[in-house]
Amino acid sequence: RGPSAFIPEKEVVQANTVDERTNFLVEEYSTSGRLDNITQVMSLHTQYLESFLRSQFYMLRMDGPLPLPHRHYIAIMAAARHQCSYLINMHVDEFLKTGGIAEWLNGLEYVPQRLKNLNEINKLLAHRPWLITKEHIQKLVKTGENNWSLPELVHAVVLLAHYHALASFVFGSGINPERDPEISNGFRLISVNNFCVCDLANDNNIENASLTGNNFGIVDSLSELEALMDRMKRLREEREDEEASQEEMTTCFEKEKKESLFVVSGDTFHSFPHSDFEDDMIITSDVSRYIEDPGFGYEDFARRGEEHLPTFRAQDYTWENHGFSLVNRLYSDIGHLLDEKFRMVYNLTYNTMASHEDVDTTTLRRALFNYVHCMFGIRYDDYDYGEVNQLLERSLKVYIKTVTCYPERTTKRMYDSYWRQFKHSEKVHVNLLLMEARMQAELLYALRAITRHLT
C-alpha cells in the first residue's frame, strides 16, 4: 500500500503532510498535475525534489527543439527498455494529452522513421553506453529527410538518459502503480505480468546465499552500522596520512571493475521458478512494441577485456568541463538545470547515519557514485577505488548493480538486505545518487560521441 512497495506508507505520508513546499512544487512543476507516487517518495528529500521537478518540467514542457508529443514518445521508448510499465503508462497518458497521434501507441512500426531511428542509441544508452561512437551520431544527423538536427538530438538524448535513470529509481524504490490509473482514450494500461507486483517485491522464491550473507560474516545489523562508521573514519585518517600512488589507484580500479563481474552472479536470477520468466516473455509484448531487440541488455564492461575496450578516463571528458557546455550550447539552460541536480544529490547530506548525528558522509556518497560509474567503465584518476570495497558491503553492491544495470530485477529482499539500521529516507537518498550517477554516465558517453562528431 502507499506509494512504495518497499517503504511503509506512514513514513512517506508523514513527510508529505508536513511539507507545504512539496505541494507548491507539484502545482508549479508537475506535468501530470498531481502528486504521483514518484514525487511522494522523492519528497523525503524536498531540496532534491525541487531540482528534479524543475529539470523534468523543462525537458517535457518548456521551449525546446522537440515537439511535445515526441518528448513523451521518447520517454515511452526509454522506459520500455526496462519494461517500466509505471513510466510507460504515465507518458502514454501525457502523449495523448499533448496531442500525440493515438496510432503511434500501437508500436514502433506506426511512428515516423526519424523517431524509429532513435532505437539504436536508446538501446546502447540504456545498456552499454560505452559502445556509442561518433558514427552513431553521424548516422542520425545525416539521414537525408529523416535527419536529426544536433539540438533535437541532444534533447532526445537528455530525455532517454533521464528516463532510463528514472526507471532505476522506480524499481529501486519499489514505486507502486498509481491508485486511480486513468485509462487513456480506451488504451489498456499495461501491467507487467500476471502475478501482482507484491509477489515480485517479496520474491519469496529467491533463495540465494550471496544476498543473505555478506563478506563480514553474518553480523547483526547494529554492528554492521558500527563497522561501517569505523571504516569511514579509518579511511579519512589514512587519507590524511598518505596519498595512494597513481599505480595503486589504477590497480584498485581494475580490481573493482573485475569484481563487479561477480557481484550479481547469473544464478541469482536463475533461481526464479522457470514459469515466472515465461510470464515475462509473454507480457513484454505490450512493452516490446516500443523497442527493437528486447533481448539486448547490460553486459559487464570488464568482461570484454579481450577487445581492449578503453576505460573512459573521467579526466578526458568531464561533465563540468565538457559535457555541461556542449549541452547548454545545443539545448539552452538544460545544462544549468542538470548541473544543479547533479550537485544537489552529490552534496545532499543531513550529517546523519541511522541513529548517529554529525557524521561526514562524503566518502560514502562518493563511493556510491563512483561505483556506478565503475560499472559503466568510467574511471577517476584521483579516486582510490579501495574505498569502494571498504565501504560498500556485498549485499549493497548486489543492490546497486541490480538497480543500475537491470532495474526491473530489483526485489524487496535486495532492498531490505542492506543497511538494515538505516532509515528509509537514507535508502531513498542512495537511489537518488544511483539514478543521477547513471544519468550522468549515459550523458558523458553520448556527449563525448557528439563532441567527436563535431571535431
# chains A, B, ... in the order shown; residues from 1 in each chain; ligands from 1
>>> residues_around(residues="A:Arg379", least_positions_apart="4", cutoff="10 Å", atoms="only C-alpha atoms", output="list in words")
Met249, Thr250, Phe253, Glu254, Lys257, Thr311, Phe312, Arg313, Ala314, Gln315, Asn370, Tyr371, His373, Cys374, Met375, Tyr383 and Tyr385 of chain A
>>> residues_around(residues="stretch 154-165 of chain A", least_positions_apart="5", cutoff="8 Å", atoms="only C-alpha atoms", output="list in words")
Met59, Gly64, Pro65, Leu66, Arg71, Ile74, Ala75, Met77, Ala78, Ala79, Arg81, His82, Asn122, Leu125, Ala126, Val327, Leu330, Tyr331, Thr404, Met435, Glu436, Arg438, Met439, Glu442, Leu443 and Ala446 of chain A
>>> residues_around(residues="stretch 137-142 of chain A", least_positions_apart="2", cutoff="12 Å", atoms="only C-alpha atoms", output="ChimeraX atom specification")
/A:113-121,131-135,144-154,156-157,445-455
>>> atom_distance(atom1="atom CA of A:Asp381", atom2="atom CA of A:Val359")
26.4 Å
>>> closest_residue(among="A:Glu426, A:Asp293, A:Glu226, A:Asp316", to="A:Thr352", atoms="only C-alpha atoms")
A:Glu426
>>> select_by_dssp(residues="stretch 36-118 of chain A", states="helix (DSSP H, G or I)", output="ChimeraX atom specification")
/A:37-61,68-80,85-97,102-106,108-110,113-116
>>> atom_distance(atom1="atom CA of A:Lys423", atom2="atom CA of A:Leu368")
17.1 Å
>>> closest_residue(among="A:Gln56, A:Tyr29, A:Glu247, A:Gln47", to="A:Asp382", atoms="only C-alpha atoms")
A:Glu247
>>> select_by_dssp(residues="stretch 337-439 of chain A", states="strand (DSSP E or B)", output="ChimeraX atom specification")
/A:353,356,378-379
>>> write_last_selection(atoms="N, CA, C and O atoms", output="PDB file, in the first residue's frame")
ATOM      1  N   MET A 353      23.714   9.234  10.077  1.00  0.00           N
ATOM      2  CA  MET A 353      23.701   7.873   9.563  1.00  0.00           C
ATOM      3  C   MET A 353      22.912   7.060  10.547  1.00  0.00           C
ATOM      4  O   MET A 353      23.326   6.923  11.702  1.00  0.00           O
ATOM      5  N   HIS A 356      22.966   8.009  14.206  1.00  0.00           N
ATOM      6  CA  HIS A 356      24.112   8.868  14.547  1.00  0.00           C
ATOM      7  C   HIS A 356      23.988  10.263  13.947  1.00  0.00           C
ATOM      8  O   HIS A 356      23.604  10.408  12.797  1.00  0.00           O
ATOM      9  N   ILE A 378      33.811   3.988 -16.332  1.00  0.00           N
ATOM     10  CA  ILE A 378      34.349   5.345 -16.164  1.00  0.00           C
ATOM     11  C   ILE A 378      35.240   5.386 -14.930  1.00  0.00           C
ATOM     12  O   ILE A 378      34.821   4.983 -13.853  1.00  0.00           O
ATOM     13  N   ARG A 379      36.456   5.863 -15.116  1.00  0.00           N
ATOM     14  CA  ARG A 379      37.417   5.814 -14.020  1.00  0.00           C
ATOM     15  C   ARG A 379      37.950   7.197 -13.652  1.00  0.00           C
ATOM     16  O   ARG A 379      38.313   7.983 -14.519  1.00  0.00           O
TER      17      ARG A 379
END
>>> closest_residue(among="A:Leu396, A:Ala354, A:Met229, A:Leu434", to="A:Ser417", atoms="only C-alpha atoms")
A:Leu396
>>> residues_around(residues="stretch 297-299 of chain A", least_positions_apart="2", cutoff="7 Å", atoms="only C-alpha atoms", output="MDAnalysis selection string")
chainID A and resid 127:128 295 301 405
>>> write_last_selection(atoms="C-alpha atoms", output="JSON list (two decimals), in the first residue's frame")
[["chain", "number", "residue", "atom", "x", "y", "z"],
["A", 127, "HIS", "CA", 22.51, -0.97, -21.51],
["A", 128, "ARG", "CA", 26.03, -0.40, -22.88],
["A", 295, "GLY", "CA", 16.94, -9.29, -25.61],
["A", 301, "PHE", "CA", 32.18, -3.65, -19.11],
["A", 405, "CYS", "CA", 22.09, -2.23, -14.70]]
>>> closest_residue(among="A:Leu444, A:Val403, A:Val345, A:Leu124", to="A:Glu320", atoms="only C-alpha atoms")
A:Leu444
>>> closest_residue(among="A:Thr362, A:Thr22, A:Ser173, A:Ser288", to="A:Arg413", atoms="only C-alpha atoms")
A:Ser173
>>> residues_around(residues="A:Arg236", least_positions_apart="5", cutoff="12 Å", atoms="only C-alpha atoms", output="ChimeraX atom specification")
/A:229-231,241-243,360-364,384,387,390-391
>>> write_last_selection(atoms="C-alpha atoms", output="short mmCIF file (atom, residue, chain, number, x, y, z; two decimals), in the first residue's frame")
data_model
loop_
_atom_site.label_atom_id
_atom_site.label_comp_id
_atom_site.auth_asym_id
_atom_site.auth_seq_id
_atom_site.Cartn_x
_atom_site.Cartn_y
_atom_site.Cartn_z
CA MET A 229 31.22 4.12 10.60
CA ASP A 230 34.52 2.74 11.74
CA ARG A 231 35.76 2.08 8.22
CA ASP A 241 48.40 10.34 6.34
CA GLU A 242 49.31 9.27 2.85
CA GLU A 243 48.20 9.56 -0.74
CA ASP A 360 30.53 13.33 7.50
CA THR A 361 29.14 11.02 4.82
CA THR A 362 31.18 12.42 1.93
CA THR A 363 33.30 9.29 1.45
CA LEU A 364 30.21 7.11 1.39
CA ASP A 384 41.14 5.35 -4.60
CA GLU A 387 37.34 2.80 -0.68
CA GLN A 390 35.87 -0.82 2.28
CA LEU A 391 32.52 0.96 2.35
#
